[in-house]
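These notes concern the structure reproduced below.
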Amino acid sequence: MGQHVSLCIPRWIDVEGVKNFRDIGGWPVKDGSGYIRERIVFRCGHLVNITEKGIETLQRLNVIAAFDFRSDPEIERQGVMPEISDLTRYPSAMFTKADYSPEALAYRWQGYFEGATGFPKVYKVILEKGAPYYRNIFIHLIENHSIDSNKSIIVHCTAGKDRTGLFGMLLLGLCGVDEEIIANEYALSNLGYWEPEHELEKKAVMLNASIDALRIVTTAP
């Protein structure tokens with residue numbers, strides 16, 4: 001994943017119909033020996049609403065795989081991405097329908113509601129459940145994206161923040177990027193993702209929570 005010189009290309013990419021789309025590469029490794037390759041791994045929110053113009057952008061970026069961390073209840077509610085030539089979607093749901101029971105949801109969301117002190121509790125659960133799916137992505141990168149490859153992949157969940165952010169943490173950490181940089185990369189989702197007020201209101205009713213509590217959940221503390 002490394003290279004000796006950063007290309008200094010834009011991190012944010014406008015993919016029409018997709019939120020929070022950015023390049024995970026370009027960051028320096030902490031020993032000063034190089035940078036993480038750009039235009040190999042992208043992260044974002046779900047691809048359900050991608051437009052034809054957005055699809056053209058993905059094709060120009062040579063995206064050949066999209067790893068979708070969303071669970072069945074999310075997909076039933078949101079839908080799936082359209083078929084895109086030469087791009088394979090890999091369902092990678094780390095939560096089952098049982099994990100969406102009222103009790104399980106209450107536990108996870110309570111962690112989010114606690115803010116910076118509660119997020120680690122939820123992230124520990126995600127890491128435990130997501131380990132085999134994160135492993136699959138690393139294997140895919142090793143097998144399909146050599147130093148000479150110009151192909152790329154997308155990792156995403158609904159918002160491209162939590163499940164996706166943890167993959168970004170693992171990737172950058174294994175490549176030797178400084179922890180402060182990894183944290184700053186994670187926090188970029190505060191710029192790239194938002195939910196309309198009416199969606200927050202619906203979730204607040206469903207979870208018996210306040211709008212302010214829901215706003216905490218949609219941020220990267």
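Identifiers for the structure tokens are assigned positionally: chains receive A, B, ... in sequence, residues are indexed from 1 per chain, and ligands are indexed from 1 in the order shown.
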
Test item: residues at most 12 Å from Asn49 in chain A, only C-alpha atoms, excluding those fewer than 2 positions along its chain, as a PyMOL selection string: chain A and resi 15-19+45-47+51-55+78-82+158

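Taking the backbone of this structure through DSSP, the residues of range 23-174 of chain A that come out as strand (DSSP E) are Asp23, Tyr35, Ile36, Val41, Phe42, Arg43, Cys44, Val63, Ile64, Ala65, Ala66, Phe67, Asp68, Thr88, Arg89, Tyr90, Pro91, Ser152, Ile153, Ile154, Val155 and His156 of chain A.
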
Mind writing the picked residues with N, CA and C atoms as an mmCIF file, in the first residue's frame?
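For reference, again03.cif as written:
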```cif
data_model
loop_
_atom_site.group_PDB
_atom_site.id
_atom_site.type_symbol
_atom_site.label_atom_id
_atom_site.label_comp_id
_atom_site.auth_asym_id
_atom_site.auth_seq_id
_atom_site.Cartn_x
_atom_site.Cartn_y
_atom_site.Cartn_z
ATOM 1 N N ASP A 23 -10.980 9.548 -0.398
ATOM 2 C CA ASP A 23 -9.836 8.660 -0.580
ATOM 3 C C ASP A 23 -9.177 8.424 0.779
ATOM 4 N N TYR A 35 4.250 7.278 1.827
ATOM 5 C CA TYR A 35 2.841 7.621 1.967
ATOM 6 C C TYR A 35 1.981 6.416 1.595
ATOM 7 N N ILE A 36 0.726 6.445 2.046
ATOM 8 C CA ILE A 36 -0.236 5.431 1.623
ATOM 9 C C ILE A 36 -0.694 5.773 0.205
ATOM 10 N N VAL A 41 -8.165 2.791 -2.247
ATOM 11 C CA VAL A 41 -9.269 2.482 -1.334
ATOM 12 C C VAL A 41 -10.055 3.762 -1.060
ATOM 13 N N PHE A 42 -11.353 3.687 -1.333
ATOM 14 C CA PHE A 42 -12.258 4.802 -1.060
ATOM 15 C C PHE A 42 -13.256 4.388 0.009
ATOM 16 N N ARG A 43 -13.753 5.357 0.773
ATOM 17 C CA ARG A 43 -14.781 5.103 1.784
ATOM 18 C C ARG A 43 -15.928 6.073 1.567
ATOM 19 N N CYS A 44 -17.134 5.630 1.936
ATOM 20 C CA CYS A 44 -18.298 6.490 1.689
ATOM 21 C C CYS A 44 -19.526 5.938 2.402
ATOM 22 N N VAL A 63 -13.026 1.625 -10.099
ATOM 23 C CA VAL A 63 -13.529 0.853 -8.960
ATOM 24 C C VAL A 63 -14.036 -0.501 -9.458
ATOM 25 N N ILE A 64 -13.513 -1.578 -8.876
ATOM 26 C CA ILE A 64 -13.924 -2.914 -9.310
ATOM 27 C C ILE A 64 -14.695 -3.672 -8.224
ATOM 28 N N ALA A 65 -14.706 -3.140 -6.999
ATOM 29 C CA ALA A 65 -15.375 -3.845 -5.899
ATOM 30 C C ALA A 65 -15.940 -2.843 -4.901
ATOM 31 N N ALA A 66 -17.123 -3.165 -4.367
ATOM 32 C CA ALA A 66 -17.735 -2.363 -3.314
ATOM 33 C C ALA A 66 -18.121 -3.306 -2.188
ATOM 34 N N PHE A 67 -17.515 -3.138 -1.020
ATOM 35 C CA PHE A 67 -17.793 -3.967 0.148
ATOM 36 C C PHE A 67 -18.826 -3.244 1.007
ATOM 37 N N ASP A 68 -20.008 -3.855 1.106
ATOM 38 C CA ASP A 68 -21.177 -3.236 1.725
ATOM 39 C C ASP A 68 -21.401 -3.838 3.107
ATOM 40 N N THR A 88 -18.175 -5.275 -8.771
ATOM 41 C CA THR A 88 -18.847 -6.317 -8.003
ATOM 42 C C THR A 88 -19.159 -5.824 -6.599
ATOM 43 N N ARG A 89 -20.414 -6.001 -6.191
ATOM 44 C CA ARG A 89 -20.797 -5.682 -4.813
ATOM 45 C C ARG A 89 -20.623 -6.918 -3.951
ATOM 46 N N TYR A 90 -19.906 -6.752 -2.825
ATOM 47 C CA TYR A 90 -19.682 -7.851 -1.894
ATOM 48 C C TYR A 90 -20.484 -7.599 -0.615
ATOM 49 N N PRO A 91 -21.622 -8.273 -0.437
ATOM 50 C CA PRO A 91 -22.367 -8.128 0.821
ATOM 51 C C PRO A 91 -21.493 -8.547 1.994
ATOM 52 N N SER A 152 -9.315 -0.008 -8.059
ATOM 53 C CA SER A 152 -9.609 0.479 -6.707
ATOM 54 C C SER A 152 -10.848 -0.205 -6.148
ATOM 55 N N ILE A 153 -11.070 0.003 -4.832
ATOM 56 C CA ILE A 153 -12.235 -0.563 -4.166
ATOM 57 C C ILE A 153 -12.925 0.512 -3.332
ATOM 58 N N ILE A 154 -14.180 0.220 -2.976
ATOM 59 C CA ILE A 154 -14.951 1.057 -2.066
ATOM 60 C C ILE A 154 -15.314 0.215 -0.849
ATOM 61 N N VAL A 155 -15.216 0.803 0.338
ATOM 62 C CA VAL A 155 -15.799 0.197 1.535
ATOM 63 C C VAL A 155 -16.853 1.174 2.048
ATOM 64 N N HIS A 156 -18.008 0.639 2.413
ATOM 65 C CA HIS A 156 -19.069 1.544 2.857
ATOM 66 C C HIS A 156 -20.065 0.840 3.760
#
```

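Ranking A:Gly173, A:Pro102, A:Gly160, A:Gly168 by their shortest atom-to-atom distance to Leu191 in chain A, with only C-alpha atoms included, puts A:Gly160 first.
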
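The space separating CA of Glu128 in chain A from CA of Trp109 in chain A comes to 17.0 Å.
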
Nearest to Gly25 in chain A, chosen from A:Arg77, A:Ala183, A:Leu171, A:Leu127, with only C-alpha atoms counted in the distances: A:Leu171

Counting only C-alpha atoms, the residue of A:Tyr112, A:Trp12, A:Tyr134, A:Phe119 that sits nearest Glu185 in chain A: A:Trp12

For Arg70 in chain A, please output as a PDB file with C-alpha atoms, in the first residue's frame all residues within 8 Å (counting only C-alpha atoms; exclusion window: fewer than 3 positions along the same chain).
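around.pdb, freshly written:
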```pdb
ATOM      1  CA  GLU A  74     -30.861  -1.533   6.417  1.00  0.00           C
ATOM      2  CA  ILE A  75     -30.913  -2.929   2.896  1.00  0.00           C
ATOM      3  CA  PRO A  91     -22.367  -8.128   0.821  1.00  0.00           C
ATOM      4  CA  SER A  92     -20.452  -7.938   4.104  1.00  0.00           C
ATOM      5  CA  ALA A  93     -23.113  -7.535   6.779  1.00  0.00           C
ATOM      6  CA  MET A  94     -21.547  -7.860  10.211  1.00  0.00           C
ATOM      7  CA  PHE A  95     -24.850  -7.539  12.090  1.00  0.00           C
ATOM      8  CA  HIS A 156     -19.069   1.544   2.857  1.00  0.00           C
ATOM      9  CA  CYS A 157     -21.924   1.172   5.308  1.00  0.00           C
ATOM     10  CA  THR A 158     -24.939   3.464   5.628  1.00  0.00           C
TER      11      THR A 158
END
```

Distance query Val29 in chain A at most 9 Å, only C-alpha atoms, self and fewer than 6 positions along chain excluded, as a PyMOL selection string: chain A and resi 2+35-36+172+175-178

Keeping only C-alpha atoms, write the selected residues to a file as a PDB file, in the first residue's frame.
```
ATOM      1  CA  GLY A   2       3.006   2.315   0.347  1.00  0.00           C
ATOM      2  CA  TYR A  35       2.841   7.621   1.967  1.00  0.00           C
ATOM      3  CA  ILE A  36      -0.236   5.431   1.623  1.00  0.00           C
ATOM      4  CA  LEU A 172      -3.962   2.938   8.125  1.00  0.00           C
ATOM      5  CA  CYS A 175       0.408   0.588   7.217  1.00  0.00           C
ATOM      6  CA  GLY A 176       2.134   2.618   9.929  1.00  0.00           C
ATOM      7  CA  VAL A 177       0.169   5.878   9.901  1.00  0.00           C
ATOM      8  CA  ASP A 178       0.315   7.927  13.105  1.00  0.00           C
TER       9      ASP A 178
END
```

Selected residue, from A:Pro132, A:Gly34, A:Pro120, A:Pro196, that lies nearest to Asp162 in chain A when counting only C-alpha atoms: A:Pro120

Which of range 79-181 of chain A fall in alpha helix (DSSP H), as an MDAnalysis selection string: chainID A and resid 102:113 119:144 163:174 179:181

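Closest approach to Phe113 in chain A from the set A:Gln59, A:Asn136, A:Ser210, A:Thr164 is made by A:Ser210, with distances taken over only C-alpha atoms.
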
Selected residue of minimal separation from Ile40 in chain A among A:Lys161, A:Arg135, A:Arg11, A:Arg215, counting only C-alpha atoms: A:Arg11

Gap from CA of Gly130 in chain A to CA of Gly165 in chain A - Å, one decimal: 11.9 Å

CA of Ile139 in chain A to CA of Arg60 in chain A, straight-line distance in Å: 23.9 Å
